[in-house]
file start11.pdb (PDB, C-alpha atoms and all ligand atoms)
ATOM      1  CA  MET A   1     101.762 116.698  27.349
ATOM      2  CA  SER A   2     104.871 114.626  26.713
ATOM      3  CA  ILE A   3     103.763 111.011  26.615
ATOM      4  CA  GLN A   4     100.314 109.638  26.077
ATOM      5  CA  SER A   5      99.361 105.992  25.994
ATOM      6  CA  GLU A   6      95.802 105.262  24.911
ATOM      7  CA  ASN A   7      94.446 101.743  25.441
ATOM      8  CA  VAL A   8      97.743 100.180  24.422
ATOM      9  CA  SER A   9      98.146  96.415  24.248
ATOM     10  CA  LYS A  10     101.075  94.293  23.155
ATOM     11  CA  LEU A  11     101.129  90.572  22.568
ATOM     12  CA  TYR A  12     104.086  88.234  22.210
ATOM     13  CA  GLY A  13     102.410  85.351  20.408
ATOM     14  CA  GLU A  14      99.566  84.386  22.691
ATOM     15  CA  GLN A  15     100.939  86.226  25.706
ATOM     16  CA  LYS A  16      99.610  89.688  26.541
ATOM     17  CA  ALA A  17     102.614  91.588  27.904
ATOM     18  CA  VAL A  18     100.775  94.951  28.034
ATOM     19  CA  ASN A  19      97.023  94.991  28.394
ATOM     20  CA  ASP A  20      94.922  98.063  27.574
ATOM     21  CA  VAL A  21      97.230 100.555  29.289
ATOM     22  CA  SER A  22      96.350 104.268  29.308
ATOM     23  CA  PHE A  23      98.234 107.090  30.994
ATOM     24  CA  THR A  24      99.484 110.600  30.385
ATOM     25  CA  ILE A  25     102.820 112.071  31.414
ATOM     26  CA  HIS A  26     103.028 115.838  31.379
ATOM     27  CA  SER A  27     106.012 117.889  30.429
ATOM     28  CA  GLY A  28     108.501 118.297  33.313
ATOM     29  CA  GLU A  29     107.306 115.320  35.349
ATOM     30  CA  ILE A  30     109.570 112.570  36.705
ATOM     31  CA  VAL A  31     107.404 109.492  36.690
ATOM     32  CA  GLY A  32     108.304 106.125  38.155
ATOM     33  CA  PHE A  33     107.099 103.088  36.258
ATOM     34  CA  LEU A  34     106.932 100.386  38.868
ATOM     35  CA  GLY A  35     106.179  96.717  38.697
ATOM     36  CA  PRO A  36     107.560  93.299  39.519
ATOM     37  CA  ASN A  37     109.755  91.496  36.985
ATOM     38  CA  GLY A  38     107.783  90.488  33.919
ATOM     39  CA  ALA A  39     105.058  93.089  34.550
ATOM     40  CA  GLY A  40     105.438  94.683  31.120
ATOM     41  CA  LYS A  41     107.613  97.730  31.900
ATOM     42  CA  SER A  42     110.280  97.163  29.237
ATOM     43  CA  THR A  43     107.670  96.290  26.641
ATOM     44  CA  MET A  44     105.806  99.537  27.325
ATOM     45  CA  MET A  45     109.052 101.495  27.130
ATOM     46  CA  LYS A  46     110.012  99.843  23.839
ATOM     47  CA  MET A  47     106.677 100.995  22.420
ATOM     48  CA  ILE A  48     107.243 104.573  23.615
ATOM     49  CA  THR A  49     110.690 104.603  22.011
ATOM     50  CA  CYS A  50     109.495 103.110  18.683
ATOM     51  CA  PHE A  51     111.333  99.801  19.124
ATOM     52  CA  LEU A  52     108.059  97.870  19.114
ATOM     53  CA  PRO A  53     104.680  98.761  17.615
ATOM     54  CA  PRO A  54     101.590  98.189  19.779
ATOM     55  CA  ASN A  55      99.068  95.553  18.645
ATOM     56  CA  SER A  56      96.288  97.940  19.493
ATOM     57  CA  GLY A  57      95.960 101.429  20.914
ATOM     58  CA  LYS A  58      98.216 104.381  20.340
ATOM     59  CA  VAL A  59     101.296 105.970  21.902
ATOM     60  CA  THR A  60     102.214 109.574  21.241
ATOM     61  CA  VAL A  61     105.312 111.473  22.335
ATOM     62  CA  CYS A  62     105.152 115.276  22.240
ATOM     63  CA  GLY A  63     102.088 114.845  20.039
ATOM     64  CA  TYR A  64     103.775 112.498  17.521
ATOM     65  CA  ASP A  65     102.477 108.995  16.918
ATOM     66  CA  THR A  66     105.180 106.385  17.569
ATOM     67  CA  VAL A  67     104.134 104.351  14.527
ATOM     68  CA  GLU A  68     103.220 107.054  12.017
ATOM     69  CA  ASN A  69     105.840 109.659  13.007
ATOM     70  CA  SER A  70     108.618 107.505  14.407
ATOM     71  CA  MET A  71     111.426 109.746  13.114
ATOM     72  CA  GLU A  72     110.029 112.743  15.030
ATOM     73  CA  VAL A  73     109.515 110.620  18.132
ATOM     74  CA  ARG A  74     113.119 109.375  18.006
ATOM     75  CA  ARG A  75     114.321 112.972  17.906
ATOM     76  CA  LYS A  76     112.229 113.844  20.959
ATOM     77  CA  VAL A  77     113.152 110.797  23.031
ATOM     78  CA  GLY A  78     116.349 109.696  24.730
ATOM     79  CA  TYR A  79     116.391 106.039  25.751
ATOM     80  CA  LEU A  80     118.545 104.106  28.172
ATOM     81  CA  PRO A  81     117.522 100.483  27.602
ATOM     82  CA  GLU A  82     117.637  97.809  30.265
ATOM     83  CA  HIS A  83     121.156  96.331  30.659
ATOM     84  CA  ASN A  84     122.605  99.445  28.955
ATOM     85  CA  PRO A  85     124.038  97.916  25.775
ATOM     86  CA  LEU A  86     127.427  99.572  25.278
ATOM     87  CA  TYR A  87     130.387  98.777  23.039
ATOM     88  CA  LEU A  88     132.919  97.835  25.680
ATOM     89  CA  ASP A  89     135.921  98.131  23.367
ATOM     90  CA  MET A  90     135.071 101.714  22.408
ATOM     91  CA  TYR A  91     136.458 104.728  24.246
ATOM     92  CA  VAL A  92     134.011 107.036  26.017
ATOM     93  CA  LYS A  93     134.433 109.947  23.606
ATOM     94  CA  GLU A  94     134.537 107.686  20.581
ATOM     95  CA  TYR A  95     131.265 106.026  21.618
ATOM     96  CA  LEU A  96     129.462 109.307  22.326
ATOM     97  CA  SER A  97     130.652 110.728  18.975
ATOM     98  CA  PHE A  98     129.363 107.577  17.301
ATOM     99  CA  CYS A  99     125.955 108.051  18.986
ATOM    100  CA  GLY A 100     125.900 111.750  18.091
ATOM    101  CA  ARG A 101     126.611 111.034  14.410
ATOM    102  CA  ILE A 102     123.415 108.968  14.238
ATOM    103  CA  TYR A 103     121.517 112.171  15.016
ATOM    104  CA  LYS A 104     123.692 114.269  12.674
ATOM    105  CA  ILE A 105     124.523 116.655  15.514
ATOM    106  CA  ASP A 106     126.272 119.923  14.629
ATOM    107  CA  ARG A 107     129.491 120.770  16.446
ATOM    108  CA  LEU A 108     129.613 117.175  17.650
ATOM    109  CA  GLU A 109     132.946 117.390  19.476
ATOM    110  CA  GLN A 110     131.681 120.259  21.599
ATOM    111  CA  ARG A 111     128.412 118.457  22.292
ATOM    112  CA  VAL A 112     130.287 115.312  23.402
ATOM    113  CA  MET A 113     132.340 117.397  25.843
ATOM    114  CA  GLU A 114     129.175 119.040  27.181
ATOM    115  CA  MET A 115     127.651 115.610  27.799
ATOM    116  CA  ILE A 116     130.810 114.325  29.499
ATOM    117  CA  ASP A 117     130.631 117.323  31.775
ATOM    118  CA  ARG A 118     126.865 117.003  32.296
ATOM    119  CA  VAL A 119     127.023 113.419  33.573
ATOM    120  CA  GLY A 120     130.289 113.757  35.515
ATOM    121  CA  LEU A 121     132.538 111.671  33.265
ATOM    122  CA  GLY A 122     135.385 114.199  33.197
ATOM    123  CA  LEU A 123     137.976 111.999  34.875
ATOM    124  CA  GLU A 124     136.995 108.898  32.893
ATOM    125  CA  GLN A 125     136.654 110.505  29.474
ATOM    126  CA  HIS A 126     139.818 108.938  28.007
ATOM    127  CA  LYS A 127     139.032 105.421  29.159
ATOM    128  CA  GLN A 128     137.724 102.447  27.302
ATOM    129  CA  ILE A 129     134.099 101.705  28.299
ATOM    130  CA  GLY A 130     135.046  98.154  29.327
ATOM    131  CA  ALA A 131     137.388  99.612  31.964
ATOM    132  CA  LEU A 132     134.650 101.634  33.664
ATOM    133  CA  SER A 133     132.707 100.654  36.783
ATOM    134  CA  LYS A 134     128.993  99.925  36.439
ATOM    135  CA  GLY A 135     128.129 103.365  37.827
ATOM    136  CA  TYR A 136     130.284 105.116  35.219
ATOM    137  CA  ARG A 137     128.907 102.917  32.450
ATOM    138  CA  GLN A 138     125.437 104.134  33.451
ATOM    139  CA  ARG A 139     126.720 107.695  33.118
ATOM    140  CA  VAL A 140     127.865 106.874  29.588
ATOM    141  CA  GLY A 141     124.387 105.446  28.935
ATOM    142  CA  LEU A 142     122.783 108.626  30.227
ATOM    143  CA  ALA A 143     125.118 110.797  28.122
ATOM    144  CA  GLN A 144     124.172 108.692  25.076
ATOM    145  CA  ALA A 145     120.473 109.173  25.853
ATOM    146  CA  LEU A 146     120.935 112.945  26.214
ATOM    147  CA  ILE A 147     123.254 113.620  23.290
ATOM    148  CA  HIS A 148     120.575 114.893  20.893
ATOM    149  CA  ASP A 149     118.990 117.052  23.607
ATOM    150  CA  PRO A 150     115.666 115.185  23.712
ATOM    151  CA  GLU A 151     112.645 116.533  25.586
ATOM    152  CA  VAL A 152     111.769 113.148  27.043
ATOM    153  CA  LEU A 153     114.005 110.554  28.685
ATOM    154  CA  ILE A 154     113.001 106.914  29.017
ATOM    155  CA  LEU A 155     115.210 105.054  31.470
ATOM    156  CA  ASP A 156     114.686 101.308  31.831
ATOM    157  CA  GLU A 157     115.889 100.114  35.261
ATOM    158  CA  PRO A 158     118.692 102.716  35.314
ATOM    159  CA  THR A 159     120.002 101.755  38.748
ATOM    160  CA  SER A 160     119.789  97.972  38.627
ATOM    161  CA  GLY A 161     123.019  96.282  39.642
ATOM    162  CA  LEU A 162     124.631  99.398  41.118
ATOM    163  CA  ASP A 163     126.328  99.365  44.519
ATOM    164  CA  PRO A 164     124.872 101.665  47.224
ATOM    165  CA  ASN A 165     127.245 104.584  46.490
ATOM    166  CA  GLN A 166     126.746 104.406  42.746
ATOM    167  CA  LEU A 167     123.004 104.163  43.362
ATOM    168  CA  VAL A 168     122.936 107.416  45.294
ATOM    169  CA  GLU A 169     125.056 109.164  42.654
ATOM    170  CA  ILE A 170     122.988 107.994  39.685
ATOM    171  CA  ARG A 171     119.720 108.851  41.461
ATOM    172  CA  ALA A 172     121.063 112.355  42.156
ATOM    173  CA  LEU A 173     122.082 112.709  38.515
ATOM    174  CA  ILE A 174     118.641 111.627  37.291
ATOM    175  CA  THR A 175     116.974 114.057  39.704
ATOM    176  CA  ASP A 176     119.163 116.818  38.327
ATOM    177  CA  ILE A 177     118.453 115.894  34.696
ATOM    178  CA  GLY A 178     114.750 115.805  35.622
ATOM    179  CA  LYS A 179     114.851 119.565  36.237
ATOM    180  CA  GLU A 180     115.132 120.064  32.482
ATOM    181  CA  LYS A 181     113.516 116.989  30.952
ATOM    182  CA  THR A 182     110.435 114.855  31.249
ATOM    183  CA  VAL A 183     111.625 111.557  32.693
ATOM    184  CA  MET A 184     109.976 108.150  32.849
ATOM    185  CA  LEU A 185     112.016 105.547  34.680
ATOM    186  CA  SER A 186     111.196 101.944  35.371
ATOM    187  CA  THR A 187     112.148 100.121  38.511
ATOM    188  CA  HIS A 188     110.957  97.337  40.754
ATOM    189  CA  ILE A 189     112.214  99.210  43.817
ATOM    190  CA  MET A 190     109.640 101.259  45.669
ATOM    191  CA  GLN A 191     112.173 103.458  47.505
ATOM    192  CA  GLU A 192     113.610 104.506  44.184
ATOM    193  CA  VAL A 193     110.320 106.061  43.188
ATOM    194  CA  GLU A 194     110.075 107.769  46.551
ATOM    195  CA  ALA A 195     113.612 109.136  46.161
ATOM    196  CA  ILE A 196     113.327 110.441  42.605
ATOM    197  CA  CYS A 197     109.776 110.679  41.307
ATOM    198  CA  ASN A 198     106.751 112.922  41.675
ATOM    199  CA  ARG A 199     104.327 110.336  40.396
ATOM    200  CA  ALA A 200     104.118 106.573  40.104
ATOM    201  CA  LEU A 201     102.499 104.336  37.558
ATOM    202  CA  ILE A 202     102.270 100.784  38.836
ATOM    203  CA  ILE A 203     101.904  97.922  36.394
ATOM    204  CA  ASN A 204     101.239  94.306  37.211
ATOM    205  CA  ARG A 205     100.822  91.470  34.706
ATOM    206  CA  GLY A 206     100.492  93.989  31.909
ATOM    207  CA  THR A 207      97.718  96.000  33.561
ATOM    208  CA  LEU A 208      98.047  99.428  35.138
ATOM    209  CA  VAL A 209      96.957  99.135  38.775
ATOM    210  CA  ALA A 210      97.801 102.621  40.080
ATOM    211  CA  ASP A 211      98.551 106.104  38.784
ATOM    212  CA  LYS A 212      99.143 108.451  41.700
ATOM    213  CA  PRO A 213     101.375 111.161  43.089
ATOM    214  CA  VAL A 214     104.014 109.482  45.262
ATOM    215  CA  SER A 215     102.707 111.405  48.298
ATOM    216  CA  GLU A 216      99.343 109.660  47.931
ATOM    217  CA  LEU A 217     100.691 106.177  47.351
ATOM    218  CA  ARG A 218     100.888 105.275  51.023
ATOM    219  CA  ASN A 219      97.120 105.407  51.188
ATOM    220  CA  GLY A 220      97.273 102.414  48.886
ATOM    221  CA  MET A 221      94.078 100.862  47.740
ATOM    222  CA  ASP A 222      92.264 101.196  50.995
ATOM    223  CA  GLY A 223      92.208 104.947  51.380
ATOM    224  CA  ALA A 224      92.498 106.142  54.970
ATOM    225  CA  GLY A 225      93.746 103.904  57.746
ATOM    226  CA  TYR A 226      96.810 102.827  59.646
ATOM    227  CA  THR A 227      98.138 100.003  61.743
ATOM    228  CA  LEU A 228      98.426 100.218  65.518
ATOM    229  CA  GLU A 229     100.785  97.880  67.346
ATOM    230  CA  VAL A 230      99.696  97.293  70.942
ATOM    231  CA  GLU A 231     101.485  95.325  73.622
ATOM    232  CA  PHE A 232      99.340  94.246  76.583
ATOM    233  CA  SER A 233     100.710  92.893  79.879
ATOM    234  CA  ASP A 234      98.450  89.819  79.724
ATOM    235  CA  ALA A 235      96.391  87.814  77.273
ATOM    236  CA  VAL A 236      93.292  89.504  75.820
ATOM    237  CA  SER A 237      90.316  88.241  73.852
ATOM    238  CA  GLU A 238      90.789  88.463  70.099
ATOM    239  CA  THR A 239      87.053  88.846  69.527
ATOM    240  CA  ASP A 240      86.721  91.711  72.029
ATOM    241  CA  LEU A 241      89.759  93.419  70.522
ATOM    242  CA  SER A 242      88.346  93.257  67.025
ATOM    243  CA  ASN A 243      85.087  94.815  68.290
ATOM    244  CA  LEU A 244      86.842  98.074  69.165
ATOM    245  CA  PRO A 245      85.557 101.043  67.150
ATOM    246  CA  HIS A 246      87.203 101.569  63.710
ATOM    247  CA  VAL A 247      89.170  98.321  64.010
ATOM    248  CA  GLY A 248      88.971  96.094  60.940
ATOM    249  CA  SER A 249      91.165  93.087  61.545
ATOM    250  CA  VAL A 250      93.517  92.140  64.376
ATOM    251  CA  ARG A 251      96.588  89.931  64.268
ATOM    252  CA  ASN A 252      98.624  88.475  67.072
ATOM    253  CA  VAL A 253     102.315  89.079  66.245
ATOM    254  CA  ARG A 254     103.946  87.707  69.403
ATOM    255  CA  SER A 255     102.745  86.677  72.898
ATOM    256  CA  ASN A 256     100.571  89.637  74.011
ATOM    257  CA  THR A 257     101.381  91.981  71.128
ATOM    258  CA  TRP A 258      98.721  92.670  68.516
ATOM    259  CA  LEU A 259      98.500  94.552  65.247
ATOM    260  CA  LEU A 260      95.204  96.384  64.811
ATOM    261  CA  GLU A 261      94.203  97.498  61.303
ATOM    262  CA  VAL A 262      92.409 100.783  61.934
ATOM    263  CA  GLN A 263      90.098 101.588  59.040
ATOM    264  CA  SER A 264      89.911 105.355  59.454
ATOM    265  CA  ASP A 265      92.207 108.095  60.668
ATOM    266  CA  ALA A 266      90.443 108.130  64.100
ATOM    267  CA  ASP A 267      92.711 108.128  67.163
ATOM    268  CA  ILE A 268      91.652 105.001  69.091
ATOM    269  CA  ARG A 269      94.350 105.031  71.786
ATOM    270  CA  LYS A 270      91.827 105.960  74.530
ATOM    271  CA  ASP A 271      89.550 103.110  73.468
ATOM    272  CA  VAL A 272      92.485 100.724  73.620
ATOM    273  CA  SER A 273      93.401 101.918  77.145
ATOM    274  CA  GLU A 274      89.810 101.535  78.345
ATOM    275  CA  PHE A 275      89.673  98.080  76.746
ATOM    276  CA  ALA A 276      92.840  97.111  78.644
ATOM    277  CA  VAL A 277      91.364  98.235  81.976
ATOM    278  CA  GLN A 278      88.142  96.312  81.302
ATOM    279  CA  SER A 279      90.181  93.228  80.403
ATOM    280  CA  GLY A 280      92.186  93.502  83.641
ATOM    281  CA  THR A 281      95.456  94.153  81.826
ATOM    282  CA  PHE A 282      97.798  97.083  81.104
ATOM    283  CA  VAL A 283      99.005  98.659  77.895
ATOM    284  CA  LEU A 284     102.791  98.301  77.869
ATOM    285  CA  GLY A 285     103.368  99.763  74.429
ATOM    286  CA  LEU A 286     101.411 101.487  71.696
ATOM    287  CA  GLN A 287     102.843 102.411  68.326
ATOM    288  CA  ARG A 288     101.230 103.772  65.201
ATOM    289  CA  LYS A 289     102.733 102.344  62.035
ATOM    290  CA  GLU A 290     102.313 104.069  58.701
ATOM    291  CA  LYS A 291     101.912 101.761  55.771
ATOM    292  CA  SER A 292     105.261 101.445  54.081
ATOM    293  CA  LEU A 293     105.422 102.005  50.353
ATOM    294  CA  GLU A 294     106.668  98.440  50.142
ATOM    295  CA  ASP A 295     103.367  97.264  51.697
ATOM    296  CA  VAL A 296     101.392  99.350  49.233
ATOM    297  CA  PHE A 297     103.360  97.895  46.338
ATOM    298  CA  LYS A 298     102.739  94.361  47.597
ATOM    299  CA  GLU A 299      99.051  95.135  48.036
ATOM    300  CA  LEU A 300      98.742  96.525  44.532
ATOM    301  CA  THR A 301     100.679  93.771  42.817
ATOM    302  CA  ALA A 302      99.407  90.788  44.816
ATOM    303  CA  SER A 303      98.139  88.319  42.217
ATOM    304  CA  ARG A 304      94.859  89.511  40.869
TER     305      ARG A 304
HETATM  306  P1  LIG A 401     109.396  93.879  32.811
HETATM  307  O1  LIG A 401     110.195  94.872  32.050
HETATM  308  O2  LIG A 401     108.353  94.494  33.683
HETATM  309  O3  LIG A 401     110.265  92.898  33.573
HETATM  310  P2  LIG A 401     108.779  92.790  30.185
HETATM  311  O4  LIG A 401     108.108  93.866  29.420
HETATM  312  O5  LIG A 401     110.220  92.505  29.903
HETATM  313  O6  LIG A 401     108.556  92.998  31.751
HETATM  314  O7  LIG A 401     107.989  91.434  29.953
HETATM  315  C1  LIG A 401     106.563  91.330  30.034
HETATM  316  C2  LIG A 401     106.158  89.916  29.690
HETATM  317  O8  LIG A 401     106.406  89.653  28.321
HETATM  318  C3  LIG A 401     106.936  88.860  30.465
HETATM  319  O9  LIG A 401     106.058  87.814  30.773
HETATM  320  C4  LIG A 401     108.000  88.426  29.498
HETATM  321  O10 LIG A 401     108.371  87.084  29.730
HETATM  322  C5  LIG A 401     107.297  88.577  28.161
HETATM  323  N1  LIG A 401     108.252  88.928  27.076
HETATM  324  C6  LIG A 401     109.088  89.985  27.075
HETATM  325  N2  LIG A 401     109.786  90.028  25.912
HETATM  326  C7  LIG A 401     109.390  88.957  25.191
HETATM  327  C8  LIG A 401     109.729  88.440  23.892
HETATM  328  N3  LIG A 401     110.632  89.059  23.124
HETATM  329  N4  LIG A 401     109.100  87.333  23.487
HETATM  330  C9  LIG A 401     108.184  86.717  24.255
HETATM  331  N5  LIG A 401     107.793  87.151  25.472
HETATM  332  C10 LIG A 401     108.396  88.253  25.949
END

call {"tool": "encode", "arguments": {"input": "start11.pdb", "output": "structure tokens"}}
result
Amino acid sequence: MSIQSENVSKLYGEQKAVNDVSFTIHSGEIVGFLGPNGAGKSTMMKMITCFLPPNSGKVTVCGYDTVENSMEVRRKVGYLPEHNPLYLDMYVKEYLSFCGRIYKIDRLEQRVMEMIDRVGLGLEQHKQIGALSKGYRQRVGLAQALIHDPEVLILDEPTSGLDPNQLVEIRALITDIGKEKTVMLSTHIMQEVEAICNRALIINRGTLVADKPVSELRNGMDGAGYTLEVEFSDAVSETDLSNLPHVGSVRNVRSNTWLLEVQSDADIRKDVSEFAVQSGTFVLGLQRKEKSLEDVFKELTASR
């Protein structure tokens, strides 16, 4: 396995930023680390990359302890920190050579050119970093993180602040890099995880609240179920509606339109039609709504 966190906690003074967090990331996975601002994502990532020691618990990367074997961990990990700290007055090649020298890389010039090619910086390679767009600066950040050919990449909010085109390009690049590396990326955007990741870890107020394949996330906390939107031609009784089989709660969204929370995967459309007839009304519209990932995220991170 590539990354293992065992009962890790981190305090800033009195404040617990990460609280007893355990997870495992296997080699070759692209895992999304999701949570609202202040949830503890950056703190967890700083512990994985040896920038902060945990107060309790243990983090290992490729089997190496981040506290006891930090030099080995640093060799195994590439890190793109939040806000991508770059030297804006340096030139792209100059900066990447500078980063490569830290790792004492052989044939550095060749390696820098490989990285420029890998992240699509060919046309910008002679520019000063300060002259690059945000999207290209992120490419420089990714090249920096990859320069020593690490097995694991830790990317802290790699797409924040990008415009929609840059976003698509950087996501595609990360997906491509993910074919060769284990990637953990943090974000507060649910769609990002859906677009790039196989698995999601969701953290809220320092505590891990979900660890699931992205395909299973939609089931959220409640397991099976879906929402049915029904429009009747006339008013109906809320109590009678909520007594329909499999229906948990009902909510009136506008005049005669209701949202029914169905608590199983049963098809209740016939029951709804019969209910309409008995109530002396007609069904004008019926639409099944899957839970959006955004809803699941809200459900999981609602204050608790
Ligand atoms: P995220 O990356 O999910 O936005 P962080 O890990 O940055 O969250 O922060 C987690 C919590 O720890 C927040 O409440 C934040 O205010 C607090 N925190 C982060 N860094 C520090 C610090 N250097 N000193 C004190 N508190 C901090």

call {"tool": "resolve_selection", "arguments": {"input": "start11.pdb", "expression": "the PyMOL selection byres (((chain A and resi 134-151) around 9) and not hetatm)", "output": "ChimeraX atom specification"}}
result
/A:2,27-28,62,74-81,84-86,92,95-96,99-100,103-105,111-112,114-116,118-121,124,129-130,132-133,152-155,158-159,161-163,165-167,169-170,173-174,180-183

call {"tool": "closest_residue", "arguments": {"input": "start11.pdb", "among": "A:Lys289, A:His26, A:Lys93, A:Lys41", "to": "ligand LIG 401 (chain A)", "atoms": "only C-alpha atoms and all ligand atoms"}}
result
A:Lys41

call {"tool": "closest_atom_pairs", "arguments": {"input": "start11.pdb", "of": "chain A", "to": "ligand LIG 401 (chain A)", "cutoff": "7 Å", "atoms": "only C-alpha atoms and all ligand atoms", "output": "tab-separated table"}}
result
residue	atom	partner	partner_atom	distance
A:Tyr12	CA	A:LIG401	C9	4.8
A:Gln15	CA	A:LIG401	N5	6.9
A:Ala17	CA	A:LIG401	O8	4.3
A:Gly35	CA	A:LIG401	O2	5.9
A:Pro36	CA	A:LIG401	O2	6.0
A:Asn37	CA	A:LIG401	O3	3.7
A:Gly38	CA	A:LIG401	O6	3.4
A:Ala39	CA	A:LIG401	O2	3.7
A:Gly40	CA	A:LIG401	O4	3.3
A:Lys41	CA	A:LIG401	O2	3.8
A:Ser42	CA	A:LIG401	O1	3.6
A:Thr43	CA	A:LIG401	O4	3.7
A:Met44	CA	A:LIG401	O4	6.5
A:Gly206	CA	A:LIG401	C1	6.9

call {"tool": "closest_residue", "arguments": {"input": "start11.pdb", "among": "A:Thr175, A:Thr187, A:Gln4, A:Ser215", "to": "Ser160 in chain A", "atoms": "only C-alpha atoms"}}
result
A:Thr187

call {"tool": "atom_distance", "arguments": {"input": "start11.pdb", "atom1": "CA of Ile3 in chain A", "atom2": "CA of Met184 in chain A"}}
result
9.3 Å

call {"tool": "closest_residue", "arguments": {"input": "start11.pdb", "among": "A:Leu284, A:Met90, A:Ala302, A:Leu241", "to": "Ile203 in chain A", "atoms": "all atoms listed in the file"}}
result
A:Ala302

call {"tool": "closest_residue", "arguments": {"input": "start11.pdb", "among": "A:Ser279, A:Asn204, A:Gln287, A:Ser233", "to": "Glu299 in chain A", "atoms": "all atoms listed in the file"}}
result
A:Asn204

call {"tool": "atom_distance", "arguments": {"input": "start11.pdb", "atom1": "CA of Asp295 in chain A", "atom2": "CA of Glu157 in chain A"}}
result
20.9 Å

call {"tool": "decode", "arguments": {"input": "start11.pdb", "residues": "range 115-136 of chain A", "atoms": "C-alpha atoms", "output": "PDB file, in the first residue's frame"}}
result
ATOM      1  CA  MET A 115       9.000  17.191 -17.179  1.00  0.00           C
ATOM      2  CA  ILE A 116       8.315  20.201 -19.413  1.00  0.00           C
ATOM      3  CA  ASP A 117       7.122  17.789 -22.052  1.00  0.00           C
ATOM      4  CA  ARG A 118       5.158  15.666 -19.564  1.00  0.00           C
ATOM      5  CA  VAL A 119       3.045  18.559 -18.274  1.00  0.00           C
ATOM      6  CA  GLY A 120       2.662  20.381 -21.603  1.00  0.00           C
ATOM      7  CA  LEU A 121       4.874  23.393 -20.893  1.00  0.00           C
ATOM      8  CA  GLY A 122       6.741  23.228 -24.207  1.00  0.00           C
ATOM      9  CA  LEU A 123       5.595  26.589 -25.533  1.00  0.00           C
ATOM     10  CA  GLU A 124       6.062  28.352 -22.190  1.00  0.00           C
ATOM     11  CA  GLN A 125       9.411  26.852 -21.231  1.00  0.00           C
ATOM     12  CA  HIS A 126      11.430  30.048 -21.804  1.00  0.00           C
ATOM     13  CA  LYS A 127       9.093  32.292 -19.851  1.00  0.00           C
ATOM     14  CA  GLN A 128       9.366  33.752 -16.416  1.00  0.00           C
ATOM     15  CA  ILE A 129       6.912  32.050 -14.015  1.00  0.00           C
ATOM     16  CA  GLY A 130       5.324  35.414 -13.159  1.00  0.00           C
ATOM     17  CA  ALA A 131       4.310  35.791 -16.820  1.00  0.00           C
ATOM     18  CA  LEU A 132       2.379  32.514 -16.900  1.00  0.00           C
ATOM     19  CA  SER A 133      -1.380  32.083 -16.517  1.00  0.00           C
ATOM     20  CA  LYS A 134      -2.685  30.300 -13.424  1.00  0.00           C
ATOM     21  CA  GLY A 135      -3.224  27.103 -15.423  1.00  0.00           C
ATOM     22  CA  TYR A 136       0.392  27.075 -16.624  1.00  0.00           C
TER      23      TYR A 136
END
